[in-house]
>>> print(open('upload_15.cif').read())   # mmCIF, C-alpha atoms
data_input
#
loop_
_atom_site.group_PDB
_atom_site.id
_atom_site.type_symbol
_atom_site.label_atom_id
_atom_site.label_comp_id
_atom_site.auth_asym_id
_atom_site.auth_seq_id
_atom_site.Cartn_x
_atom_site.Cartn_y
_atom_site.Cartn_z
ATOM 1 C CA VAL X 250 65.636 184.455 95.123
ATOM 2 C CA VAL X 251 65.944 187.737 93.208
ATOM 3 C CA ASP X 252 68.993 188.764 95.215
ATOM 4 C CA LEU X 253 70.665 185.396 94.625
ATOM 5 C CA ILE X 254 70.031 185.470 90.862
ATOM 6 C CA THR X 255 71.118 189.089 90.425
ATOM 7 C CA HIS X 256 74.230 188.421 92.534
ATOM 8 C CA ASP X 257 75.192 185.411 90.415
ATOM 9 C CA LEU X 258 74.556 187.317 87.181
ATOM 10 C CA GLY X 259 76.553 190.302 88.421
ATOM 11 C CA VAL X 260 79.507 188.093 89.391
ATOM 12 C CA SER X 261 79.313 186.219 86.075
ATOM 13 C CA CYS X 262 79.200 189.452 84.073
ATOM 14 C CA GLY X 263 82.120 190.808 86.077
ATOM 15 C CA ASN X 264 84.216 187.704 85.497
ATOM 16 C CA ILE X 265 83.438 187.641 81.769
ATOM 17 C CA ALA X 266 84.218 191.349 81.479
ATOM 18 C CA ASN X 267 87.505 190.933 83.359
ATOM 19 C CA LEU X 268 88.556 188.222 80.892
ATOM 20 C CA LEU X 269 87.307 189.742 77.634
ATOM 21 C CA ASN X 270 86.849 193.470 78.325
ATOM 22 C CA PRO X 271 83.819 193.790 76.021
ATOM 23 C CA LYS X 272 82.294 197.149 75.182
ATOM 24 C CA SER X 273 78.839 195.904 76.236
ATOM 25 C CA ILE X 274 77.157 192.961 77.907
ATOM 26 C CA ILE X 275 73.566 192.525 76.796
ATOM 27 C CA ILE X 276 71.116 190.934 79.229
ATOM 28 C CA GLY X 277 68.210 189.245 77.467
ATOM 29 C CA GLY X 278 65.427 186.777 78.084
ATOM 30 C CA GLY X 279 63.197 187.014 81.120
ATOM 31 C CA VAL X 280 65.710 189.166 82.984
ATOM 32 C CA SER X 281 65.412 191.889 80.369
ATOM 33 C CA HIS X 282 61.626 191.916 80.776
ATOM 34 C CA ALA X 283 62.036 192.734 84.475
ATOM 35 C CA GLY X 284 63.562 196.058 83.496
ATOM 36 C CA THR X 285 65.871 198.263 85.481
ATOM 37 C CA MET X 286 64.989 196.778 88.870
ATOM 38 C CA LEU X 287 67.085 193.686 88.143
ATOM 39 C CA LEU X 288 69.595 195.528 85.977
ATOM 40 C CA ASP X 289 70.475 197.944 88.793
ATOM 41 C CA LYS X 290 71.166 195.021 91.149
ATOM 42 C CA ILE X 291 73.273 193.222 88.539
ATOM 43 C CA VAL X 292 75.306 196.368 87.821
ATOM 44 C CA SER X 293 75.847 196.953 91.548
ATOM 45 C CA VAL X 294 77.404 193.501 91.951
ATOM 46 C CA PHE X 295 79.265 193.850 88.643
ATOM 47 C CA ASN X 296 80.921 197.002 89.977
ATOM 48 C CA THR X 297 82.257 195.124 93.018
ATOM 49 C CA VAL X 298 83.741 192.326 90.864
ATOM 50 C CA ALA X 299 85.017 194.092 87.742
ATOM 51 C CA PHE X 300 88.477 195.612 87.539
ATOM 52 C CA PRO X 301 88.472 199.431 87.716
ATOM 53 C CA LEU X 302 89.243 199.894 84.008
ATOM 54 C CA VAL X 303 86.631 197.295 83.032
ATOM 55 C CA LYS X 304 83.977 199.007 85.180
ATOM 56 C CA THR X 305 84.320 202.170 83.146
ATOM 57 C CA SER X 306 84.718 200.568 79.709
ATOM 58 C CA THR X 307 82.008 197.862 79.844
ATOM 59 C CA LYS X 308 78.333 198.791 79.896
ATOM 60 C CA ILE X 309 75.626 196.338 80.926
ATOM 61 C CA LYS X 310 72.451 196.880 78.921
ATOM 62 C CA LEU X 311 69.042 195.287 78.536
ATOM 63 C CA ALA X 312 68.215 193.636 75.223
ATOM 64 C CA THR X 313 65.779 195.692 73.187
ATOM 65 C CA LEU X 314 64.626 193.037 70.706
ATOM 66 C CA GLY X 315 63.173 190.744 73.368
ATOM 67 C CA ASN X 316 62.017 187.379 72.067
ATOM 68 C CA ASP X 317 62.497 188.537 68.469
ATOM 69 C CA ALA X 318 66.300 188.611 68.739
ATOM 70 C CA GLY X 319 66.794 185.090 67.361
ATOM 71 C CA ILE X 320 64.463 185.622 64.426
ATOM 72 C CA THR X 321 66.001 189.006 63.655
ATOM 73 C CA GLY X 322 69.497 187.499 63.695
ATOM 74 C CA ALA X 323 68.443 184.582 61.489
ATOM 75 C CA ALA X 324 66.800 186.929 58.977
ATOM 76 C CA TYR X 325 69.936 189.075 58.909
ATOM 77 C CA MET X 326 72.093 186.033 58.177
ATOM 78 C CA VAL X 327 69.818 184.926 55.306
ATOM 79 C CA ILE X 328 69.914 188.413 53.772
ATOM 80 C CA LYS X 329 73.690 188.567 54.184
ATOM 81 C CA VAL X 330 74.239 185.163 52.548
ATOM 82 C CA GLU X 331 71.817 185.921 49.700
ATOM 83 C CA THR X 332 73.419 189.304 49.059
ATOM 84 C CA LYS X 333 76.883 187.710 48.930
ATOM 85 C CA HIS X 334 75.550 184.967 46.647
ATOM 86 C CA ASP X 335 74.029 187.574 44.275
ATOM 87 C CA GLU X 336 77.327 189.482 44.131
ATOM 88 C CA THR X 337 79.279 186.406 43.042
ATOM 89 C CA ASN X 338 76.853 185.487 40.239
#
>>> encode(input="upload_15.cif", output="structure tokens")
Amino acid sequence: VVDLITHDLGVSCGNIANLLNPKSIIIGGGVSHAGTMLLDKIVSVFNTVAFPLVKTSTKIKLATLGNDAGITGAAYMVIKVETKHDETN
């Protein structure tokens, strides 16, 4: 099961990177809690799918905020909106 999931994630990341050429792809959720064991497998498959230039320019990383990412993002948006609102008044 692990090999199937990491293969599918690696192929998906490779396809997305080939289309968009992002600087980073961040893996979150339960996969990020598994650590480098899953990440290494995903990157291995990614490297077989991604174009040569994309392989060197796109880094696959584990999320560092864990389950707090959504709350952190929401708090940032509130602060940003409130700051903009204060500047216009």
>>> atom_distance(input="upload_15.cif", atom1="CA of Thr307 (chain X)", atom2="CA of Ser281 (chain X)")
17.6 Å
>>> closest_residue(input="upload_15.cif", among="X:Val250, X:Ile309, X:Ala318, X:Ile275", to="Phe295 (chain X)", atoms="only C-alpha atoms")
X:Ile309
>>> atom_distance(input="upload_15.cif", atom1="CA of Asn270 (chain X)", atom2="CA of His256 (chain X)")
19.7 Å
>>> closest_residue(input="upload_15.cif", among="X:Leu288, X:Gly319, X:Tyr325, X:Thr313", to="Ile254 (chain X)", atoms="all atoms listed in the file")
X:Leu288
>>> closest_residue(input="upload_15.cif", among="X:Ser306, X:Val327, X:Thr297, X:Asn316", to="His282 (chain X)", atoms="only C-alpha atoms")
X:Asn316
>>> closest_residue(input="upload_15.cif", among="X:Ala266, X:Leu258, X:Ala323, X:Leu253", to="Lys304 (chain X)", atoms="all atoms listed in the file")
X:Ala266
>>> closest_residue(input="upload_15.cif", among="X:Val260, X:Leu287, X:Ile328, X:Ile276", to="Phe300 (chain X)", atoms="all atoms listed in the file")
X:Val260
